[in-house]
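*Asks:* Contents of data.cif (mmCIF, C-alpha atoms) are given next:
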```cif
data_run
loop_
_atom_site.label_atom_id
_atom_site.label_comp_id
_atom_site.auth_asym_id
_atom_site.auth_seq_id
_atom_site.Cartn_x
_atom_site.Cartn_y
_atom_site.Cartn_z
CA MET A 1 59.03 20.57 104.89
CA LYS A 2 55.96 18.48 105.60
CA LYS A 3 57.90 16.39 108.03
CA LEU A 4 58.91 19.50 109.90
CA ILE A 5 55.31 20.61 110.21
CA LEU A 6 54.32 17.17 111.41
CA ALA A 7 57.03 17.18 114.01
CA LEU A 8 56.00 20.64 115.13
CA SER A 9 52.36 19.73 115.42
CA SER A 10 53.15 16.59 117.39
CA LEU A 11 55.26 18.72 119.69
CA ALA A 12 52.37 21.11 120.11
CA LEU A 13 50.13 18.15 120.91
CA ILE A 14 52.49 16.99 123.60
CA ALA A 15 52.61 20.52 124.98
CA THR A 16 48.83 20.78 125.17
CA ALA A 17 48.63 17.38 126.81
CA VAL A 18 51.04 18.58 129.45
CA THR A 19 49.11 21.78 130.12
CA ALA A 20 45.88 19.82 130.36
CA GLU A 21 47.46 17.61 132.98
CA GLU A 22 48.60 20.65 134.88
CA ALA A 23 45.16 22.17 134.75
CA LYS A 24 43.83 19.17 136.63
CA THR A 25 45.96 20.01 139.61
CA PRO A 26 45.62 23.74 140.08
CA ALA A 27 48.12 23.63 142.90
CA THR A 28 50.90 22.94 140.41
CA GLU A 29 52.67 26.25 140.21
CA ALA A 30 55.60 25.10 138.21
CA ALA A 31 54.18 26.11 134.86
CA ALA A 32 57.31 26.19 132.78
CA PRO A 33 57.34 28.75 130.01
CA ALA A 34 56.67 27.10 126.67
CA ALA A 35 59.27 29.17 124.90
CA ALA A 36 61.95 31.57 125.97
CA ALA A 37 60.10 34.86 126.19
CA THR A 38 61.67 38.06 124.98
CA PRO A 39 62.18 40.40 127.92
CA THR A 40 60.10 43.57 127.88
CA GLU A 41 61.45 46.72 129.44
CA VAL A 42 59.18 48.10 132.14
CA LYS A 43 59.32 50.87 134.68
CA MET A 44 60.51 49.93 138.12
CA LYS A 45 61.56 52.03 141.03
CA ILE A 46 65.16 51.11 141.63
CA LYS A 47 67.49 52.76 144.08
CA ALA A 48 71.08 51.63 144.17
CA LYS A 49 73.71 53.47 146.16
CA GLU A 50 77.31 52.55 146.75
CA LYS A 51 79.14 53.22 149.99
CA ASN A 52 82.51 51.72 150.91
CA GLY A 53 82.26 49.19 148.12
CA VAL A 54 78.86 47.91 149.15
CA VAL A 55 75.82 48.69 147.06
CA LYS A 56 72.49 48.96 148.83
CA ALA A 57 69.65 48.31 146.46
CA LYS A 58 65.94 48.83 146.85
CA VAL A 59 63.57 47.71 144.15
CA ALA A 60 59.83 48.29 143.89
CA ILE A 61 58.00 46.42 141.17
CA SER A 62 54.45 47.29 140.16
CA HIS A 63 52.63 44.01 140.09
CA ASN A 64 49.22 42.76 141.20
CA MET A 65 50.54 39.50 142.62
CA LEU A 66 47.13 37.86 142.34
CA THR A 67 47.07 34.62 144.30
CA TYR A 68 44.99 31.69 143.09
CA ASP A 69 42.29 32.43 145.67
CA GLN A 70 42.19 36.16 144.99
CA ALA A 71 42.02 35.53 141.28
CA LYS A 72 39.13 33.12 141.74
CA LYS A 73 37.14 35.70 143.68
CA LYS A 74 37.74 38.36 141.10
CA GLY A 75 37.18 36.04 138.19
CA LYS A 76 40.66 36.72 136.87
CA GLU A 77 43.64 34.55 136.24
CA ALA A 78 46.25 34.18 138.90
CA ASN A 79 49.40 36.03 138.07
CA PHE A 80 52.40 36.57 140.24
CA ILE A 81 56.14 36.93 140.02
CA THR A 82 57.97 33.64 140.20
CA HIS A 83 61.56 34.72 139.88
CA ILE A 84 63.55 37.89 140.40
CA THR A 85 67.17 38.25 139.34
CA GLY A 86 69.54 41.15 139.75
CA THR A 87 72.65 41.33 137.60
CA VAL A 88 75.57 43.69 137.13
CA GLY A 89 77.18 42.90 133.81
CA ASP A 90 77.39 39.09 133.73
CA LYS A 91 77.42 38.73 137.48
CA VAL A 92 74.35 37.62 139.38
CA VAL A 93 74.00 39.72 142.53
CA TYR A 94 70.46 38.79 143.54
CA ASP A 95 68.41 35.74 142.87
CA ALA A 96 65.06 34.86 144.39
CA SER A 97 62.45 32.30 143.51
CA THR A 98 59.21 33.71 144.81
CA SER A 99 55.64 32.62 145.44
CA GLN A 100 52.21 34.20 145.34
CA PHE A 101 52.61 35.39 148.92
CA LEU A 102 54.80 38.34 148.18
CA SER A 103 52.85 41.53 148.76
CA LYS A 104 51.15 43.41 145.97
CA ASN A 105 53.74 45.67 144.35
CA PRO A 106 56.61 43.81 145.97
CA LEU A 107 59.46 45.70 147.54
CA ILE A 108 62.82 44.02 147.87
CA LYS A 109 66.06 45.15 149.44
CA PHE A 110 69.49 43.62 149.18
CA GLN A 111 73.18 44.46 149.42
CA PHE A 112 76.15 43.40 147.36
CA ASP A 113 79.75 44.29 146.58
CA GLY A 114 79.84 46.70 143.67
CA LYS A 115 80.90 50.11 142.50
CA LYS A 116 79.51 53.42 141.36
CA GLY A 117 78.60 53.79 137.69
CA ASP A 118 77.88 50.13 137.07
CA GLU A 119 74.48 49.25 135.79
CA LEU A 120 72.14 47.11 137.87
CA LYS A 121 69.62 45.15 135.88
CA ILE A 122 66.56 43.67 137.54
CA THR A 123 64.72 40.96 135.65
CA TYR A 124 61.55 39.26 136.76
CA THR A 125 59.55 36.38 135.40
CA GLN A 126 55.85 36.00 136.03
CA LEU A 127 53.74 32.85 136.24
CA LYS A 128 53.22 32.28 132.52
CA GLY A 129 56.83 32.90 131.65
CA GLU A 130 56.79 36.50 130.47
CA VAL A 131 59.99 38.29 131.36
CA PHE A 132 60.36 41.97 132.24
CA PHE A 133 63.40 44.03 133.09
CA ALA A 134 64.62 47.46 134.10
CA THR A 135 68.07 48.94 134.57
CA LYS A 136 69.55 51.60 136.80
CA LYS A 137 73.01 53.09 137.22
CA ILE A 138 74.51 52.61 140.65
CA LYS A 139 75.01 55.96 142.36
CA MET B 1 65.85 33.47 109.02
CA LYS B 2 64.90 30.30 110.77
CA LYS B 3 68.44 29.71 111.80
CA SER B 4 68.71 33.10 113.39
CA ILE B 5 65.56 32.44 115.40
CA LEU B 6 66.98 29.14 116.55
CA GLY B 7 70.18 30.89 117.47
CA LEU B 8 68.29 33.45 119.51
CA VAL B 9 66.40 30.75 121.36
CA ALA B 10 69.65 28.96 122.10
CA VAL B 11 71.22 32.15 123.41
CA ALA B 12 68.20 32.81 125.59
CA ALA B 13 68.31 29.28 126.93
CA MET B 14 71.99 29.68 127.70
CA THR B 15 71.54 32.91 129.61
CA VAL B 16 68.89 31.19 131.67
CA SER B 17 71.21 28.36 132.59
CA VAL B 18 74.02 30.76 133.43
CA SER B 19 71.91 32.63 135.93
CA ALA B 20 71.41 31.02 139.29
CA THR B 21 69.15 28.18 140.33
CA ASP B 22 65.45 28.44 139.60
CA TYR B 23 64.01 26.73 142.64
CA ARG B 24 60.59 26.70 141.04
CA ALA B 25 61.72 24.63 138.11
CA GLU B 26 63.98 22.40 140.18
CA LYS B 27 61.83 21.80 143.21
CA PRO B 28 58.22 22.24 142.11
CA ALA B 29 56.90 20.28 145.09
CA ALA B 30 58.28 22.82 147.53
CA TRP B 31 55.90 25.46 146.23
CA THR B 32 52.74 23.41 146.57
CA ALA B 33 53.46 21.92 150.00
CA LYS B 34 50.85 22.91 152.51
CA THR B 35 52.87 22.75 155.70
CA VAL B 36 56.22 24.25 156.59
CA PRO B 37 57.97 20.92 157.35
CA ALA B 38 56.67 19.43 154.09
CA ALA B 39 57.88 22.45 152.14
CA ILE B 40 61.29 22.30 153.79
CA GLU B 41 61.58 18.61 153.02
CA ALA B 42 60.57 19.16 149.40
CA LEU B 43 63.13 21.91 149.04
CA TYR B 44 66.14 20.60 150.92
CA GLY B 45 65.35 16.95 151.53
CA LYS B 46 65.22 15.33 154.95
CA ILE B 47 67.17 17.71 157.12
CA THR B 48 67.35 18.51 160.78
CA PRO B 49 68.04 22.20 161.01
CA VAL B 50 69.74 23.48 164.13
CA GLU B 51 69.01 26.76 165.86
CA GLY B 52 71.30 29.25 164.23
CA ASP B 53 72.27 32.87 164.47
CA ILE B 54 69.72 34.18 162.02
CA LYS B 55 68.16 37.58 162.46
CA LEU B 56 64.61 37.31 161.24
CA LYS B 57 62.71 40.54 161.63
CA ALA B 58 59.03 41.34 161.25
CA PRO B 59 56.63 43.56 163.19
CA LYS B 60 55.04 41.92 166.25
CA VAL B 61 51.66 43.19 165.16
CA ALA B 62 51.18 43.75 161.46
CA SER B 63 48.36 46.17 160.76
CA ASN B 64 48.15 45.17 157.13
CA GLY B 65 48.49 41.49 156.33
CA GLY B 66 48.82 42.35 152.66
CA ALA B 67 52.27 43.83 153.05
CA ILE B 68 54.28 42.68 156.04
CA PRO B 69 57.88 43.80 155.93
CA VAL B 70 60.16 40.87 156.67
CA SER B 71 63.91 40.88 156.71
CA VAL B 72 66.36 38.08 157.18
CA LYS B 73 70.03 38.48 157.90
CA THR B 74 72.75 36.09 158.96
CA ASP B 75 76.49 35.97 159.46
CA ILE B 76 76.57 32.28 158.61
CA PRO B 77 78.21 31.80 155.19
CA ALA B 78 75.04 30.91 153.34
CA LYS B 79 74.30 29.24 150.07
CA SER B 80 70.60 29.89 150.12
CA ILE B 81 67.91 31.23 152.42
CA ALA B 82 64.26 30.17 152.34
CA ILE B 83 61.29 31.86 153.95
CA PHE B 84 58.07 30.07 154.89
CA GLN B 85 54.89 30.91 156.79
CA ASP B 86 52.18 28.66 158.17
CA VAL B 87 48.81 30.33 157.50
CA ASN B 88 48.47 30.73 153.74
CA PRO B 89 47.24 27.85 151.53
CA GLU B 90 50.82 27.00 150.62
CA SER B 91 53.84 27.51 152.82
CA ALA B 92 56.74 28.68 150.70
CA VAL B 93 57.19 32.41 150.27
CA ALA B 94 60.60 32.87 148.72
CA VAL B 95 63.95 31.18 148.27
CA PHE B 96 66.97 33.42 147.90
CA GLU B 97 70.20 32.26 146.49
CA VAL B 98 73.20 34.02 147.95
CA PRO B 99 75.63 34.74 145.12
CA GLU B 100 79.30 35.40 145.81
CA GLY B 101 79.73 39.03 146.84
CA THR B 102 76.15 39.45 147.97
CA GLN B 103 75.40 39.77 151.65
CA ALA B 104 73.01 37.36 153.30
CA ASN B 105 70.68 40.19 154.11
CA PHE B 106 67.36 40.39 152.32
CA SER B 107 64.15 42.32 152.89
CA LEU B 108 60.82 41.85 151.26
CA LYS B 109 57.13 42.31 151.88
CA ILE B 110 54.85 39.35 152.21
CA LYS B 111 51.16 38.52 152.52
CA MET B 112 49.65 36.59 155.42
CA LYS B 113 46.04 35.57 155.81
CA LYS B 114 46.00 35.70 159.59
CA SER B 115 48.25 35.58 162.64
CA GLY B 116 50.87 32.89 162.42
CA SER B 117 54.56 32.35 162.24
CA ILE B 118 57.37 32.84 159.76
CA THR B 119 60.22 30.35 159.46
CA ALA B 120 63.56 31.08 157.88
CA VAL B 121 65.92 28.29 156.89
CA VAL B 122 69.52 28.98 155.98
CA GLU B 123 71.48 26.49 153.91
CA GLY B 124 75.05 27.03 155.02
CA LYS B 125 78.09 26.59 152.82
CA ASP B 126 79.21 24.00 155.37
CA GLY B 127 76.28 21.79 154.32
CA LYS B 128 74.44 22.35 157.59
CA PHE B 129 71.00 23.86 157.91
CA TYR B 130 69.94 26.53 160.35
CA GLU B 131 66.47 27.57 161.27
CA THR B 132 64.69 30.30 163.14
CA LYS B 133 61.05 31.04 163.76
CA LEU B 134 59.06 34.14 164.55
CA SER B 135 55.39 34.47 165.36
CA LEU B 136 53.40 37.59 164.72
CA GLU B 137 49.89 38.90 164.90
CA VAL B 138 48.12 40.04 161.80
CA ALA B 139 45.37 42.56 162.44
CA LEU B 140 43.92 42.58 158.96
CA GLY B 141 44.46 39.56 156.74
CA GLY B 142 45.82 40.44 153.37
CA CYS B 143 45.53 37.28 151.44
CA GLU B 144 41.75 36.92 151.23
CA GLY B 145 42.08 33.20 151.66
#
```
Translate this file's structure into structure tokens.

*Replies:*
Amino acid sequence: MKKLILALSSLALIATAVTAEEAKTPATEAAAPAAAATPTEVKMKIKAKEKNGVVKAKVAISHNMLTYDQAKKKGKEANFITHITGTVGDKVVYDASTSQFLSKNPLIKFQFDGKKGDELKITYTQLKGEVFFATKKIK
Amino acid sequence: MKKSILGLVAVAAMTVSVSATDYRAEKPAAWTAKTVPAAIEALYGKITPVEGDIKLKAPKVASNGGAIPVSVKTDIPAKSIAIFQDVNPESAVAVFEVPEGTQANFSLKIKMKKSGSITAVVEGKDGKFYETKLSLEVALGGCEG
């Protein structure tokens, strides 16, 4: 048991060392999430409509998308979406790695082969690794 | 109890690896590059993109630099599409992967500090790279630096 705690604490030490190094170079955006975060369900505006086997999807996410510079001015921490994924069942239908230069409350549109009644799930990850999702039936 | 937590973590890790490429984790340098060519090189390596049939759309004059609608569409069988601009502190805006069954047709809204240009690079399934550029005027900068 003690050994386990020791191992854990040494791991934590390594982790803090890494974050400290990252803090030195604020330009490093690739802050990997320390642990796999549990997705939280949030409200998103999703429109998904099928026509002739093609689903047109429109997604609006409520998010500040604070860039590093904006955050500095406001005395807040930068926070923006780093990854957006759209899935139907197990299939990935949309996948974007994004930066701080998406607009505030980003709006995305995309099209994929699909059918009515399926459920489209949009998942996004923000800078510190928190994951959020929302689902919508395809009309 | 501990085992179940471990199991959960493992499952979560697996689902992450199943989903498509995370260009942030794989190519961190691409997101901090300050010029478009540097960002392209960091993302795709040393490439010489050719002019391709890519439809990159944005308003000629954007009244609000905080939300400029940009769309990119191509008939080239694409593996991934990347969007860059040349006025913000860093160049990369977004990298889309094009999964099987999804059309290479994406729209999004972006921020730009001032007038400049947007570059779209398409990584074709044939291993070639295609590029197109579009300049636009921004009336009111939306990035505040």

*Asks:* For chain B against chain A, which residues fall within 6 Å using only C-alpha atoms, given as a list in words?

*Replies:*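 Written out as asked, the residues are Tyr23, Arg24, Pro28, Thr32, Gly66, Ala67, Val93, Ala94, Val95, Phe96, Glu97, Pro99, Gly101, Thr102, Gln103, Phe106, Ser107, Leu108, Lys109, Ile110 and Lys111 of chain B.
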
*Asks:* Name the residues captured by the PyMOL selection byres ((chain B and resi 88) around 9) when it is applied to the shown file; answer as a PDB file with C-alpha atoms, in the frame of the given file.

*Replies:*
```pdb
ATOM      1  CA  PHE A 101      52.610  35.390 148.920  1.00  0.00           C
TER       2      PHE A 101
ATOM      3  CA  LYS B  34      50.850  22.910 152.510  1.00  0.00           C
ATOM      4  CA  GLN B  85      54.890  30.910 156.790  1.00  0.00           C
ATOM      5  CA  ASP B  86      52.180  28.660 158.170  1.00  0.00           C
ATOM      6  CA  VAL B  87      48.810  30.330 157.500  1.00  0.00           C
ATOM      7  CA  PRO B  89      47.240  27.850 151.530  1.00  0.00           C
ATOM      8  CA  GLU B  90      50.820  27.000 150.620  1.00  0.00           C
ATOM      9  CA  SER B  91      53.840  27.510 152.820  1.00  0.00           C
ATOM     10  CA  LYS B 111      51.160  38.520 152.520  1.00  0.00           C
ATOM     11  CA  MET B 112      49.650  36.590 155.420  1.00  0.00           C
ATOM     12  CA  LYS B 113      46.040  35.570 155.810  1.00  0.00           C
ATOM     13  CA  LYS B 114      46.000  35.700 159.590  1.00  0.00           C
ATOM     14  CA  CYS B 143      45.530  37.280 151.440  1.00  0.00           C
ATOM     15  CA  GLY B 145      42.080  33.200 151.660  1.00  0.00           C
TER      16      GLY B 145
END
```

*Asks:* What does the distance from atom CA of A:Phe80 to atom CA of B:Ile68 come to in Å, to one decimal?

*Replies:*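 Taking atom CA of A:Phe80 and atom CA of B:Ile68, their separation equals 17.0 Å.
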
*Asks:* Enclose the full set of atoms of stretch 66-81 of chain B listed in the file within a box whose edges lie along x, y and z, apply 3 Å of padding to each of the six sides, and report centre and edge lengths in Å to one decimal as lines of an AutoDock Vina configuration file.

*Replies:*
```
center_x = 63.5
center_y = 36.5
center_z = 154.8
size_x = 35.4
size_y = 20.6
size_z = 15.4
```

*Asks:* Counting only C-alpha atoms, which residue out of A:Ala134, A:Lys139, A:His63, A:Lys56 sits closest to A:Ile81?

*Replies:*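 Ranked by minimum distance to A:Ile81, first place goes to A:His63.
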
*Asks:* Please evaluate the PyMOL selection byres ((chain B and resi 46-49) around 10) against the structure above and give the resulting residues as a compact mmCIF listing (two decimals) with C-alpha atoms, keeping the file's coordinate frame.

*Replies:*
```txt
# COMPACT_ATOMS: atom_id res chain seq x y z
CA PRO B 37 57.97 20.92 157.35
CA ALA B 38 56.67 19.43 154.09
CA ILE B 40 61.29 22.30 153.79
CA GLU B 41 61.58 18.61 153.02
CA ALA B 42 60.57 19.16 149.40
CA LEU B 43 63.13 21.91 149.04
CA TYR B 44 66.14 20.60 150.92
CA GLY B 45 65.35 16.95 151.53
CA VAL B 50 69.74 23.48 164.13
CA GLU B 51 69.01 26.76 165.86
CA GLY B 52 71.30 29.25 164.23
CA VAL B 121 65.92 28.29 156.89
CA VAL B 122 69.52 28.98 155.98
CA GLU B 123 71.48 26.49 153.91
CA LYS B 128 74.44 22.35 157.59
CA PHE B 129 71.00 23.86 157.91
CA TYR B 130 69.94 26.53 160.35
CA GLU B 131 66.47 27.57 161.27
CA THR B 132 64.69 30.30 163.14
```

*Asks:* What is the atom CA of A:Asn52-atom CA of B:Asn105 distance in Å, reported with one decimal?

*Replies:*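 Answer for the atom CA of A:Asn52 to atom CA of B:Asn105 separation: 16.8 Å.
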
*Asks:* Distance atom CA of B:Lys133-atom CA of B:Val70, one decimal place?

*Replies:*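 Result for atom CA of B:Lys133 versus atom CA of B:Val70: 12.2 Å, one decimal.
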
*Asks:* Would you please work out which residue, of A:Thr40, A:Ile61, A:Ile46, A:Asn79, is nearest to A:Lys128 when using only C-alpha atoms?

*Replies:* A:Asn79

*Asks:* Using all atoms listed in the file, which residue out of A:Lys76, A:Lys116, A:Lys51, A:Lys45 lies closest to A:Ile138?

*Replies:*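 Nearest to A:Ile138: A:Lys116.
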
*Asks:* Near A:Lys137, within 9 Å and counting only C-alpha atoms, which residues show up once chain neighbours fewer than 3 positions away are dropped, as a PyMOL selection string?

*Replies:* chain A and resi 47-49+116-121

*Asks:* Deliver the residues from the most recent selection as a file, using C-alpha atoms, as an mmCIF file, in the frame of the given file.

*Replies:*
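Produced file selection06.cif, reproduced below:
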```
data_model
loop_
_atom_site.group_PDB
_atom_site.id
_atom_site.type_symbol
_atom_site.label_atom_id
_atom_site.label_comp_id
_atom_site.auth_asym_id
_atom_site.auth_seq_id
_atom_site.Cartn_x
_atom_site.Cartn_y
_atom_site.Cartn_z
ATOM 1 C CA LYS A 47 67.490 52.760 144.080
ATOM 2 C CA ALA A 48 71.080 51.630 144.170
ATOM 3 C CA LYS A 49 73.710 53.470 146.160
ATOM 4 C CA LYS A 116 79.510 53.420 141.360
ATOM 5 C CA GLY A 117 78.600 53.790 137.690
ATOM 6 C CA ASP A 118 77.880 50.130 137.070
ATOM 7 C CA GLU A 119 74.480 49.250 135.790
ATOM 8 C CA LEU A 120 72.140 47.110 137.870
ATOM 9 C CA LYS A 121 69.620 45.150 135.880
#
```

*Asks:* For B:Ala58, list every protein, DNA or RNA residue within 12 Å, evaluated using all atoms listed in the file, and leave out those in the same chain fewer than 3 positions away; present the list as JSON, numbers by chain.

*Replies:* {"B": [55, 61, 62, 63, 65, 67, 68, 69, 70, 71, 72, 73, 107, 108, 109, 110, 116, 117, 118, 119, 120, 133, 134, 135, 136, 137, 138]}
